[in-house]
Protein chains: 2
Amino acid sequence: MIMEGGAASSLARTGTVPRSREIYDALRQKIVSGEWPAGHRLPSEHELARQFGCARMTIGKALGALAEQRLVTRRRRAGTTVNMPRPQESVLEIHDIEAELLAAGIPYAYESLARHVRRATARDAGALGVPPGTPVLSLTGLHRAAGRAHALEERLINLRAVPEARAERFTAISPGRWLLQRIPWTEAEHQIGALNADADIARWLAIRRNCACLAIERNTWRDTQRITHVRVIYPGDQHRLVARFRYRPL
Amino acid sequence: MIMEGGAASSLARTGTVPRSREIYDALRQKIVSGEWPAGHRLPSEHELARQFGCARMTIGKALGALAEQRLVTRRRRAGTTVNMPRPQESVLEIHDIEAELLAAGIPYAYESLARHVRRATARDAGALGVPPGTPVLSLTGLHRAAGRAHALEERLINLRAVPEARAERFTAISPGRWLLQRIPWTEAEHQIGALNADADIARWLAIRRNCACLAIERNTWRDTQRITHVRVIYPGDQHRLVARFRYRPL
DNA sequence: AATTATAATATGCCTAGACATATTGCGGAA
DNA sequence: TTCCGCAATATGTCTAGGCATATTATAATT
């Protein structure tokens, strides 16, 4: 009664694709093709297990993946129903600037423009989310791609959370890279907005004053402790964030 | 030998939290606390199953979730190792404007500014990704929040893919909403950039000319067919995209 | 007719065991 | 010493079956 598990399925199947994935794909096709419209109720797990000739848990895995994709809603007793009008949401990956450029084969360099250790001002405290007076490291730097200014970075590091940053000069290594290699973060929040370049920004990025720029702010936590706050400013007409919705693999 | 499955665990556990989730949390804590640093190899599934007193599949579920979070890497024979310096990526959800405003309790209205049916120009063809000459519906409209201009929308709809859009006037219902309720999409791509408001944009959004604006472009596919291309322009100083990294529930 | 108790149903989660597969380490042969 | 084949190991996936729980439908009662 247990024996034919893996053997039977590997014989019956194409070979390397998991059975639950095949079932997931088959059900997904029914949904996106419109054969099962929004509101349609799927057969029960027992029934699907019978139809596909597999254990109920295998069906459960496939249906669970569909639910994670928000393609269906599952409720006990009520069953699984198609959830078709998918909410307009997408997955945006915000990468490390350096890794991004290196992946594209573009020479990268970080240039430090300013470095100060101070007790958090009211403004620092608000941005970083720490009490005023907390020791912070303020860094300003320029990301260069192929020699040209690519992005301006303004960063605050909570020295209570990362005391070893006090000794680091950050003359050539980018603080983002440095932090990423040392401090594991557990939560992050991004805010993306647009702003007009002021005189400083225009000078560093070598763009016209008032030019529209893309600003990405990131706050990073390690559990409940604030690690760093960073604002990266890109010339708006030269840089775009691209997000492609992808189906998560099962 | 099968009997005590659910019973034993539900007796031993707090009650409603799945055992695999408890194990996931316990292991995650070891990692984010630094007790298990990057590169550390976790005990094998068999060993963990022994330690936690559960079946190997339950451990596999927890480890699989950690792997999905990129907290660990799993390789056969090599085992599971901590992957700590997490790549800087985040999840950005780009919602339907109307739903977003209504969720915040802000009155919403859509106002049509222009509507044309035409054969795709070279520019249309490039934006929508269809051959020139394909019939398209061009729509321009304004999203109003609490009466004030909130965003300007420029949209192209592929009438080959959505012929029924030809009969719809879109005077009050937003085309995004309309499409979402009818056409299931399977793939989407977003591009986020910044631009300076030209005269038209400034007039409609009631902002100064040259003001930095956030522009979100979205291309939508149904399988391989292009459905629609839309560009939504927000006043940059009034609107921000917020993305919070969240741990996906197990 | 309205309300309440009860039974049926579908999912949620788990166990114990099995086969499959990739990878690593080791011993023997060239 | 280097290279190749074999065995050990850890994960990947599946099966068959079970208890738990939420929800709905139905029957009983007021």
# chains A, B, ... in the order shown; residues from 1 in each chain; ligands from 1
>>> calpha_fit_and_write(fixed="chain A", moving="chain B", output="PDB file with C-alpha atoms, in the first residue's frame")
ATOM      1  CA  MET B   1       0.261  -0.044  -0.522  1.00  0.00           C
ATOM      2  CA  ILE B   2       3.130   2.381  -0.078  1.00  0.00           C
ATOM      3  CA  MET B   3       5.498   0.923  -2.633  1.00  0.00           C
ATOM      4  CA  GLU B   4       4.430   2.394  -5.893  1.00  0.00           C
ATOM      5  CA  GLY B   5       4.726   6.023  -4.779  1.00  0.00           C
ATOM      6  CA  GLY B   6       7.761   7.465  -6.491  1.00  0.00           C
ATOM      7  CA  ALA B   7       8.171   4.593  -8.894  1.00  0.00           C
ATOM      8  CA  ALA B   8       4.741   4.717 -10.459  1.00  0.00           C
ATOM      9  CA  SER B   9       4.742   8.472 -10.846  1.00  0.00           C
ATOM     10  CA  SER B  10       8.230   8.619 -12.291  1.00  0.00           C
ATOM     11  CA  LEU B  11       7.286   5.947 -14.776  1.00  0.00           C
ATOM     12  CA  ALA B  12       4.052   7.616 -15.720  1.00  0.00           C
ATOM     13  CA  ARG B  13       5.430  11.128 -15.874  1.00  0.00           C
ATOM     14  CA  THR B  14       7.719  12.914 -18.267  1.00  0.00           C
ATOM     15  CA  GLY B  15      10.561  12.588 -15.829  1.00  0.00           C
ATOM     16  CA  THR B  16      11.824  15.660 -14.042  1.00  0.00           C
ATOM     17  CA  VAL B  17       8.757  17.856 -13.586  1.00  0.00           C
ATOM     18  CA  PRO B  18       7.076  17.291 -10.234  1.00  0.00           C
ATOM     19  CA  ARG B  19       3.601  15.845 -10.432  1.00  0.00           C
ATOM     20  CA  SER B  20       2.199  18.602  -8.214  1.00  0.00           C
ATOM     21  CA  ARG B  21       3.606  21.142 -10.645  1.00  0.00           C
ATOM     22  CA  GLU B  22       1.944  19.426 -13.578  1.00  0.00           C
ATOM     23  CA  ILE B  23      -1.347  19.504 -11.740  1.00  0.00           C
ATOM     24  CA  TYR B  24      -0.801  23.133 -10.791  1.00  0.00           C
ATOM     25  CA  ASP B  25      -0.196  24.007 -14.428  1.00  0.00           C
ATOM     26  CA  ALA B  26      -3.218  22.075 -15.612  1.00  0.00           C
ATOM     27  CA  LEU B  27      -5.520  23.782 -13.145  1.00  0.00           C
ATOM     28  CA  ARG B  28      -3.983  27.179 -13.794  1.00  0.00           C
ATOM     29  CA  GLN B  29      -4.603  26.741 -17.491  1.00  0.00           C
ATOM     30  CA  LYS B  30      -8.288  26.072 -16.851  1.00  0.00           C
ATOM     31  CA  ILE B  31      -8.469  29.324 -14.927  1.00  0.00           C
ATOM     32  CA  VAL B  32      -6.489  31.719 -17.092  1.00  0.00           C
ATOM     33  CA  SER B  33      -8.099  30.365 -20.253  1.00  0.00           C
ATOM     34  CA  GLY B  34     -11.471  31.312 -18.854  1.00  0.00           C
ATOM     35  CA  GLU B  35     -12.813  27.761 -18.940  1.00  0.00           C
ATOM     36  CA  TRP B  36     -13.281  28.134 -15.214  1.00  0.00           C
ATOM     37  CA  PRO B  37     -14.534  31.701 -14.768  1.00  0.00           C
ATOM     38  CA  ALA B  38     -14.434  33.757 -11.602  1.00  0.00           C
ATOM     39  CA  GLY B  39     -16.605  32.247  -8.919  1.00  0.00           C
ATOM     40  CA  HIS B  40     -16.383  28.747 -10.353  1.00  0.00           C
ATOM     41  CA  ARG B  41     -15.965  26.114  -7.738  1.00  0.00           C
ATOM     42  CA  LEU B  42     -13.240  23.565  -8.298  1.00  0.00           C
ATOM     43  CA  PRO B  43     -13.742  19.871  -7.607  1.00  0.00           C
ATOM     44  CA  SER B  44     -12.831  18.823  -4.103  1.00  0.00           C
ATOM     45  CA  GLU B  45      -9.359  17.577  -3.281  1.00  0.00           C
ATOM     46  CA  HIS B  46     -10.653  14.042  -3.048  1.00  0.00           C
ATOM     47  CA  GLU B  47     -12.273  14.285  -6.471  1.00  0.00           C
ATOM     48  CA  LEU B  48      -9.178  15.846  -8.045  1.00  0.00           C
ATOM     49  CA  ALA B  49      -6.987  13.199  -6.448  1.00  0.00           C
ATOM     50  CA  ARG B  50      -9.175  10.583  -8.078  1.00  0.00           C
ATOM     51  CA  GLN B  51      -9.116  12.328 -11.454  1.00  0.00           C
ATOM     52  CA  PHE B  52      -5.363  12.853 -11.487  1.00  0.00           C
ATOM     53  CA  GLY B  53      -4.651   9.532  -9.853  1.00  0.00           C
ATOM     54  CA  CYS B  54      -2.507  10.816  -7.031  1.00  0.00           C
ATOM     55  CA  ALA B  55      -2.615  11.351  -3.288  1.00  0.00           C
ATOM     56  CA  ARG B  56      -4.679  14.119  -1.816  1.00  0.00           C
ATOM     57  CA  MET B  57      -1.601  15.871  -0.446  1.00  0.00           C
ATOM     58  CA  THR B  58      -0.234  16.285  -3.951  1.00  0.00           C
ATOM     59  CA  ILE B  59      -3.466  18.017  -4.949  1.00  0.00           C
ATOM     60  CA  GLY B  60      -3.270  20.091  -1.789  1.00  0.00           C
ATOM     61  CA  LYS B  61       0.172  21.283  -2.786  1.00  0.00           C
ATOM     62  CA  ALA B  62      -1.010  22.386  -6.215  1.00  0.00           C
ATOM     63  CA  LEU B  63      -4.115  24.093  -4.842  1.00  0.00           C
ATOM     64  CA  GLY B  64      -2.057  25.746  -2.135  1.00  0.00           C
ATOM     65  CA  ALA B  65       0.213  27.213  -4.784  1.00  0.00           C
ATOM     66  CA  LEU B  66      -2.779  28.512  -6.731  1.00  0.00           C
ATOM     67  CA  ALA B  67      -4.073  30.090  -3.540  1.00  0.00           C
ATOM     68  CA  GLU B  68      -0.701  31.703  -2.908  1.00  0.00           C
ATOM     69  CA  GLN B  69      -0.941  33.193  -6.382  1.00  0.00           C
ATOM     70  CA  ARG B  70      -4.359  34.541  -5.443  1.00  0.00           C
ATOM     71  CA  LEU B  71      -5.844  32.667  -8.368  1.00  0.00           C
ATOM     72  CA  VAL B  72      -8.218  30.804  -6.061  1.00  0.00           C
ATOM     73  CA  THR B  73      -9.635  31.174  -2.592  1.00  0.00           C
ATOM     74  CA  ARG B  74      -9.841  28.178  -0.332  1.00  0.00           C
ATOM     75  CA  ARG B  75     -12.241  27.843   2.543  1.00  0.00           C
ATOM     76  CA  ARG B  76     -13.088  24.836   4.588  1.00  0.00           C
ATOM     77  CA  ARG B  77     -16.299  23.180   3.691  1.00  0.00           C
ATOM     78  CA  ALA B  78     -16.958  25.884   1.091  1.00  0.00           C
ATOM     79  CA  GLY B  79     -14.254  24.463  -1.146  1.00  0.00           C
ATOM     80  CA  THR B  80     -11.928  26.138  -3.629  1.00  0.00           C
ATOM     81  CA  THR B  81     -13.291  28.868  -5.898  1.00  0.00           C
ATOM     82  CA  VAL B  82     -11.750  30.805  -8.763  1.00  0.00           C
ATOM     83  CA  ASN B  83     -10.695  34.277  -7.814  1.00  0.00           C
ATOM     84  CA  MET B  84     -10.081  35.562 -11.242  1.00  0.00           C
ATOM     85  CA  PRO B  85      -9.949  39.345 -11.302  1.00  0.00           C
ATOM     86  CA  ARG B  86      -6.483  39.482  -9.882  1.00  0.00           C
ATOM     87  CA  PRO B  87      -5.691  42.535  -7.809  1.00  0.00           C
ATOM     88  CA  GLN B  88      -3.211  44.797  -9.471  1.00  0.00           C
ATOM     89  CA  GLU B  89      -0.191  44.107  -7.441  1.00  0.00           C
ATOM     90  CA  SER B  90       3.263  43.332  -8.477  1.00  0.00           C
ATOM     91  CA  VAL B  91       6.604  42.385  -7.126  1.00  0.00           C
ATOM     92  CA  LEU B  92       9.337  44.939  -7.272  1.00  0.00           C
ATOM     93  CA  GLU B  93      12.842  43.940  -6.484  1.00  0.00           C
ATOM     94  CA  ILE B  94      15.069  46.730  -5.390  1.00  0.00           C
ATOM     95  CA  HIS B  95      18.594  45.525  -5.747  1.00  0.00           C
ATOM     96  CA  ASP B  96      21.917  46.576  -4.499  1.00  0.00           C
ATOM     97  CA  ILE B  97      23.194  49.202  -6.931  1.00  0.00           C
ATOM     98  CA  GLU B  98      26.633  47.671  -7.183  1.00  0.00           C
ATOM     99  CA  ALA B  99      25.359  44.163  -7.831  1.00  0.00           C
ATOM    100  CA  GLU B 100      22.927  45.505 -10.391  1.00  0.00           C
ATOM    101  CA  LEU B 101      25.635  47.277 -12.356  1.00  0.00           C
ATOM    102  CA  LEU B 102      28.141  44.478 -12.102  1.00  0.00           C
ATOM    103  CA  ALA B 103      25.525  42.026 -13.312  1.00  0.00           C
ATOM    104  CA  ALA B 104      25.113  44.224 -16.367  1.00  0.00           C
ATOM    105  CA  GLY B 105      28.865  44.254 -16.868  1.00  0.00           C
ATOM    106  CA  ILE B 106      29.229  47.953 -16.103  1.00  0.00           C
ATOM    107  CA  PRO B 107      32.275  49.074 -14.112  1.00  0.00           C
ATOM    108  CA  TYR B 108      31.226  50.398 -10.757  1.00  0.00           C
ATOM    109  CA  ALA B 109      32.824  52.722  -8.228  1.00  0.00           C
ATOM    110  CA  TYR B 110      31.746  54.406  -5.026  1.00  0.00           C
ATOM    111  CA  GLU B 111      33.067  57.813  -4.113  1.00  0.00           C
ATOM    112  CA  SER B 112      32.693  59.273  -0.661  1.00  0.00           C
ATOM    113  CA  LEU B 113      31.700  62.917  -0.598  1.00  0.00           C
ATOM    114  CA  ALA B 114      31.153  63.526   3.092  1.00  0.00           C
ATOM    115  CA  ARG B 115      31.385  61.683   6.385  1.00  0.00           C
ATOM    116  CA  HIS B 116      30.366  62.941   9.812  1.00  0.00           C
ATOM    117  CA  VAL B 117      29.812  61.397  13.188  1.00  0.00           C
ATOM    118  CA  ARG B 118      27.354  63.399  15.238  1.00  0.00           C
ATOM    119  CA  ARG B 119      24.576  63.185  17.740  1.00  0.00           C
ATOM    120  CA  ALA B 120      21.266  62.899  15.940  1.00  0.00           C
ATOM    121  CA  THR B 121      19.659  66.218  15.167  1.00  0.00           C
ATOM    122  CA  ALA B 122      15.893  66.462  15.130  1.00  0.00           C
ATOM    123  CA  ARG B 123      16.000  65.866  11.389  1.00  0.00           C
ATOM    124  CA  ASP B 124      18.269  62.831  11.723  1.00  0.00           C
ATOM    125  CA  ALA B 125      16.089  61.487  14.481  1.00  0.00           C
ATOM    126  CA  GLY B 126      12.992  61.792  12.354  1.00  0.00           C
ATOM    127  CA  ALA B 127      14.523  60.120   9.337  1.00  0.00           C
ATOM    128  CA  LEU B 128      16.233  57.307  11.197  1.00  0.00           C
ATOM    129  CA  GLY B 129      13.588  56.876  13.851  1.00  0.00           C
ATOM    130  CA  VAL B 130      15.898  57.110  16.864  1.00  0.00           C
ATOM    131  CA  PRO B 131      15.809  59.491  19.838  1.00  0.00           C
ATOM    132  CA  PRO B 132      17.564  62.826  19.261  1.00  0.00           C
ATOM    133  CA  GLY B 133      21.100  62.726  20.559  1.00  0.00           C
ATOM    134  CA  THR B 134      21.717  59.127  19.519  1.00  0.00           C
ATOM    135  CA  PRO B 135      25.155  58.881  17.893  1.00  0.00           C
ATOM    136  CA  VAL B 136      24.804  58.550  14.135  1.00  0.00           C
ATOM    137  CA  LEU B 137      27.105  58.342  11.161  1.00  0.00           C
ATOM    138  CA  SER B 138      26.120  60.532   8.256  1.00  0.00           C
ATOM    139  CA  LEU B 139      27.470  59.580   4.849  1.00  0.00           C
ATOM    140  CA  THR B 140      27.085  61.162   1.453  1.00  0.00           C
ATOM    141  CA  GLY B 141      28.448  59.408  -1.593  1.00  0.00           C
ATOM    142  CA  LEU B 142      28.232  58.998  -5.297  1.00  0.00           C
ATOM    143  CA  HIS B 143      27.709  55.774  -7.185  1.00  0.00           C
ATOM    144  CA  ARG B 144      29.548  55.853 -10.475  1.00  0.00           C
ATOM    145  CA  ALA B 145      28.775  53.615 -13.412  1.00  0.00           C
ATOM    146  CA  ALA B 146      31.339  53.516 -16.185  1.00  0.00           C
ATOM    147  CA  GLY B 147      32.825  56.670 -14.685  1.00  0.00           C
ATOM    148  CA  ARG B 148      29.607  58.675 -14.938  1.00  0.00           C
ATOM    149  CA  ALA B 149      27.475  59.723 -11.993  1.00  0.00           C
ATOM    150  CA  HIS B 150      24.764  57.152 -11.546  1.00  0.00           C
ATOM    151  CA  ALA B 151      23.162  57.899  -8.209  1.00  0.00           C
ATOM    152  CA  LEU B 152      23.608  60.079  -5.173  1.00  0.00           C
ATOM    153  CA  GLU B 153      23.315  58.473  -1.774  1.00  0.00           C
ATOM    154  CA  GLU B 154      22.588  60.102   1.567  1.00  0.00           C
ATOM    155  CA  ARG B 155      22.770  57.731   4.476  1.00  0.00           C
ATOM    156  CA  LEU B 156      22.403  57.713   8.222  1.00  0.00           C
ATOM    157  CA  ILE B 157      23.670  54.785  10.250  1.00  0.00           C
ATOM    158  CA  ASN B 158      22.587  54.191  13.830  1.00  0.00           C
ATOM    159  CA  LEU B 159      25.885  53.800  15.687  1.00  0.00           C
ATOM    160  CA  ARG B 160      24.130  52.226  18.632  1.00  0.00           C
ATOM    161  CA  ALA B 161      23.097  49.390  16.347  1.00  0.00           C
ATOM    162  CA  VAL B 162      26.306  49.272  14.301  1.00  0.00           C
ATOM    163  CA  PRO B 163      29.138  50.603  16.494  1.00  0.00           C
ATOM    164  CA  GLU B 164      31.826  49.149  14.255  1.00  0.00           C
ATOM    165  CA  ALA B 165      30.802  51.568  11.487  1.00  0.00           C
ATOM    166  CA  ARG B 166      32.496  54.370  13.443  1.00  0.00           C
ATOM    167  CA  ALA B 167      35.914  52.992  12.551  1.00  0.00           C
ATOM    168  CA  GLU B 168      35.186  52.472   8.876  1.00  0.00           C
ATOM    169  CA  ARG B 169      36.154  55.268   6.482  1.00  0.00           C
ATOM    170  CA  PHE B 170      33.906  54.302   3.531  1.00  0.00           C
ATOM    171  CA  THR B 171      36.243  55.987   1.077  1.00  0.00           C
ATOM    172  CA  ALA B 172      35.852  53.354  -1.608  1.00  0.00           C
ATOM    173  CA  ILE B 173      33.525  50.634  -0.384  1.00  0.00           C
ATOM    174  CA  SER B 174      29.877  51.570  -0.532  1.00  0.00           C
ATOM    175  CA  PRO B 175      28.194  51.643   2.853  1.00  0.00           C
ATOM    176  CA  GLY B 176      25.295  49.604   1.522  1.00  0.00           C
ATOM    177  CA  ARG B 177      27.595  46.799   0.547  1.00  0.00           C
ATOM    178  CA  TRP B 178      29.502  47.059   3.802  1.00  0.00           C
ATOM    179  CA  LEU B 179      26.367  46.899   5.900  1.00  0.00           C
ATOM    180  CA  LEU B 180      24.867  44.114   3.858  1.00  0.00           C
ATOM    181  CA  GLN B 181      27.902  41.946   4.480  1.00  0.00           C
ATOM    182  CA  ARG B 182      27.822  42.472   8.219  1.00  0.00           C
ATOM    183  CA  ILE B 183      24.399  43.253   9.526  1.00  0.00           C
ATOM    184  CA  PRO B 184      21.532  40.963   8.754  1.00  0.00           C
ATOM    185  CA  TRP B 185      18.335  42.909   8.450  1.00  0.00           C
ATOM    186  CA  THR B 186      14.937  41.526   9.029  1.00  0.00           C
ATOM    187  CA  GLU B 187      12.564  44.240   7.896  1.00  0.00           C
ATOM    188  CA  ALA B 188      12.787  46.998   5.361  1.00  0.00           C
ATOM    189  CA  GLU B 189      10.543  49.693   4.045  1.00  0.00           C
ATOM    190  CA  HIS B 190      10.927  51.549   0.802  1.00  0.00           C
ATOM    191  CA  GLN B 191       9.376  54.766  -0.322  1.00  0.00           C
ATOM    192  CA  ILE B 192       9.615  55.801  -3.918  1.00  0.00           C
ATOM    193  CA  GLY B 193       8.956  59.342  -4.979  1.00  0.00           C
ATOM    194  CA  ALA B 194       9.967  62.016  -7.439  1.00  0.00           C
ATOM    195  CA  LEU B 195      11.709  65.291  -6.732  1.00  0.00           C
ATOM    196  CA  ASN B 196      13.212  68.182  -8.618  1.00  0.00           C
ATOM    197  CA  ALA B 197      16.997  68.340  -8.473  1.00  0.00           C
ATOM    198  CA  ASP B 198      18.272  71.113  -6.249  1.00  0.00           C
ATOM    199  CA  ALA B 199      21.608  72.771  -6.872  1.00  0.00           C
ATOM    200  CA  ASP B 200      23.620  70.170  -4.967  1.00  0.00           C
ATOM    201  CA  ILE B 201      21.961  67.199  -6.592  1.00  0.00           C
ATOM    202  CA  ALA B 202      22.309  68.742 -10.020  1.00  0.00           C
ATOM    203  CA  ARG B 203      25.999  69.366  -9.496  1.00  0.00           C
ATOM    204  CA  TRP B 204      26.837  65.890  -8.293  1.00  0.00           C
ATOM    205  CA  LEU B 205      24.723  64.042 -10.809  1.00  0.00           C
ATOM    206  CA  ALA B 206      25.750  66.369 -13.646  1.00  0.00           C
ATOM    207  CA  ILE B 207      22.187  67.115 -14.649  1.00  0.00           C
ATOM    208  CA  ARG B 208      20.209  70.297 -15.091  1.00  0.00           C
ATOM    209  CA  ARG B 209      18.795  71.984 -12.036  1.00  0.00           C
ATOM    210  CA  ASN B 210      15.117  71.152 -11.509  1.00  0.00           C
ATOM    211  CA  CYS B 211      15.409  67.964 -13.518  1.00  0.00           C
ATOM    212  CA  ALA B 212      13.009  65.260 -12.288  1.00  0.00           C
ATOM    213  CA  CYS B 213      14.752  62.639 -10.193  1.00  0.00           C
ATOM    214  CA  LEU B 214      13.650  59.337  -8.771  1.00  0.00           C
ATOM    215  CA  ALA B 215      14.190  59.150  -5.034  1.00  0.00           C
ATOM    216  CA  ILE B 216      14.196  55.865  -3.173  1.00  0.00           C
ATOM    217  CA  GLU B 217      14.223  55.927   0.585  1.00  0.00           C
ATOM    218  CA  ARG B 218      14.890  52.832   2.565  1.00  0.00           C
ATOM    219  CA  ASN B 219      14.564  52.187   6.262  1.00  0.00           C
ATOM    220  CA  THR B 220      16.070  49.022   7.620  1.00  0.00           C
ATOM    221  CA  TRP B 221      15.394  47.208  10.850  1.00  0.00           C
ATOM    222  CA  ARG B 222      17.016  44.336  12.636  1.00  0.00           C
ATOM    223  CA  ASP B 223      14.131  42.981  14.604  1.00  0.00           C
ATOM    224  CA  THR B 224      12.935  46.181  16.283  1.00  0.00           C
ATOM    225  CA  GLN B 225      16.195  48.124  16.128  1.00  0.00           C
ATOM    226  CA  ARG B 226      16.734  50.715  13.430  1.00  0.00           C
ATOM    227  CA  ILE B 227      19.886  50.097  11.430  1.00  0.00           C
ATOM    228  CA  THR B 228      20.067  52.673   8.702  1.00  0.00           C
ATOM    229  CA  HIS B 229      18.144  55.161   6.651  1.00  0.00           C
ATOM    230  CA  VAL B 230      19.203  55.844   3.106  1.00  0.00           C
ATOM    231  CA  ARG B 231      17.980  58.023   0.289  1.00  0.00           C
ATOM    232  CA  VAL B 232      19.235  57.268  -3.187  1.00  0.00           C
ATOM    233  CA  ILE B 233      18.592  59.765  -5.938  1.00  0.00           C
ATOM    234  CA  TYR B 234      18.706  58.765  -9.577  1.00  0.00           C
ATOM    235  CA  PRO B 235      18.444  61.041 -12.602  1.00  0.00           C
ATOM    236  CA  GLY B 236      14.849  60.395 -13.559  1.00  0.00           C
ATOM    237  CA  ASP B 237      15.313  60.289 -17.261  1.00  0.00           C
ATOM    238  CA  GLN B 238      18.199  57.850 -17.052  1.00  0.00           C
ATOM    239  CA  HIS B 239      17.012  55.337 -14.549  1.00  0.00           C
ATOM    240  CA  ARG B 240      13.895  53.265 -14.132  1.00  0.00           C
ATOM    241  CA  LEU B 241      12.747  50.696 -11.715  1.00  0.00           C
ATOM    242  CA  VAL B 242      11.408  47.652 -13.431  1.00  0.00           C
ATOM    243  CA  ALA B 243       9.104  45.221 -11.745  1.00  0.00           C
ATOM    244  CA  ARG B 244       7.934  42.130 -13.494  1.00  0.00           C
ATOM    245  CA  PHE B 245       5.201  40.093 -12.011  1.00  0.00           C
ATOM    246  CA  ARG B 246       6.342  36.578 -11.925  1.00  0.00           C
ATOM    247  CA  TYR B 247       4.658  33.454 -10.866  1.00  0.00           C
ATOM    248  CA  ARG B 248       6.516  32.149  -7.956  1.00  0.00           C
ATOM    249  CA  PRO B 249       7.774  28.677  -8.671  1.00  0.00           C
ATOM    250  CA  LEU B 250       5.747  26.077  -6.878  1.00  0.00           C
TER     251      LEU B 250
END
>>> residues_around(residues="DC26 (chain C)", least_positions_apart="2", cutoff="10 Å", atoms="only C-alpha atoms (C1' of nucleotides)", output="list in words")
DT24 and DG28 of chain C; DC6 and DA7 of chain D
>>> closest_atom_pairs(of="chain D", to="chain B", cutoff="10 Å", atoms="only C-alpha atoms (C1' of nucleotides)", output="tab-separated table")
residue	atom	partner	partner_atom	distance
D:DA8	C1'	B:Arg77	CA	9.4
D:DT9	C1'	B:Arg77	CA	5.5
D:DA10	C1'	B:Arg77	CA	4.1
D:DT11	C1'	B:Arg76	CA	4.6
D:DG12	C1'	B:Arg76	CA	8.5
D:DG17	C1'	B:Ile2	CA	7.5
D:DG18	C1'	B:Met3	CA	6.4
D:DC19	C1'	B:Gly6	CA	5.0
D:DA20	C1'	B:Gly6	CA	7.0
D:DT21	C1'	B:Thr16	CA	9.7
>>> interface_residues(of="chain C", to="chain A", cutoff="6 Å", atoms="only C-alpha atoms (C1' of nucleotides)", output="NGL selection string")
:C and (9-11 or 19)
>>> write_last_selection(atoms="N, CA, C and O atoms (P, O5', C5', C4', C3', O3' and C1' of nucleotides)", output="mmCIF file, in the first residue's frame")
data_model
loop_
_atom_site.group_PDB
_atom_site.id
_atom_site.type_symbol
_atom_site.label_atom_id
_atom_site.label_comp_id
_atom_site.auth_asym_id
_atom_site.auth_seq_id
_atom_site.Cartn_x
_atom_site.Cartn_y
_atom_site.Cartn_z
ATOM 1 P P DT C 9 -21.550 14.233 2.827
ATOM 2 O "O5'" DT C 9 -20.538 15.445 2.662
ATOM 3 C "C5'" DT C 9 -21.064 16.735 2.413
ATOM 4 C "C4'" DT C 9 -19.959 17.770 2.477
ATOM 5 C "C3'" DT C 9 -18.646 17.357 1.805
ATOM 6 O "O3'" DT C 9 -18.220 18.416 0.990
ATOM 7 C "C1'" DT C 9 -18.234 18.173 3.956
ATOM 8 P P DA C 10 -17.460 18.064 -0.354
ATOM 9 O "O5'" DA C 10 -16.195 19.009 -0.224
ATOM 10 C "C5'" DA C 10 -16.396 20.404 0.036
ATOM 11 C "C4'" DA C 10 -15.152 20.967 0.679
ATOM 12 C "C3'" DA C 10 -13.845 20.401 0.123
ATOM 13 O "O3'" DA C 10 -13.039 21.450 -0.395
ATOM 14 C "C1'" DA C 10 -13.879 20.339 2.500
ATOM 15 P P DT C 11 -11.547 21.159 -0.867
ATOM 16 O "O5'" DT C 11 -10.721 21.827 0.312
ATOM 17 C "C5'" DT C 11 -10.999 23.173 0.661
ATOM 18 C "C4'" DT C 11 -10.450 23.482 2.042
ATOM 19 C "C3'" DT C 11 -8.919 23.496 2.132
ATOM 20 O "O3'" DT C 11 -8.534 24.680 2.803
ATOM 21 C "C1'" DT C 11 -9.819 22.098 3.800
ATOM 22 P P DC C 19 10.956 1.223 -1.711
ATOM 23 O "O5'" DC C 19 11.198 2.304 -2.858
ATOM 24 C "C5'" DC C 19 10.116 2.674 -3.709
ATOM 25 C "C4'" DC C 19 10.477 3.933 -4.466
ATOM 26 C "C3'" DC C 19 11.798 3.853 -5.235
ATOM 27 O "O3'" DC C 19 11.580 4.332 -6.553
ATOM 28 C "C1'" DC C 19 11.745 5.783 -3.886
#
>>> select_by_dssp(residues="region 13-200 of chain A", states="strand (DSSP E or B)", output="VMD selection string")
chain A and resid 41 72 to 75 79 to 82 108 to 119 135 to 145 148 to 158 187 to 196
>>> select_by_dssp(residues="region 139-243 of chain B", states="alpha helix (DSSP H)", output="list in words")
Pro175, Gly176, Arg177, Trp178, Leu179, Leu180, Gln181, Arg182, Ala199, Asp200, Ile201, Ala202, Arg203, Trp204 and Leu205 of chain B
>>> atom_distance(atom1="C1' of DA27 (chain D)", atom2="C1' of DT4 (chain C)")
10.3 Å
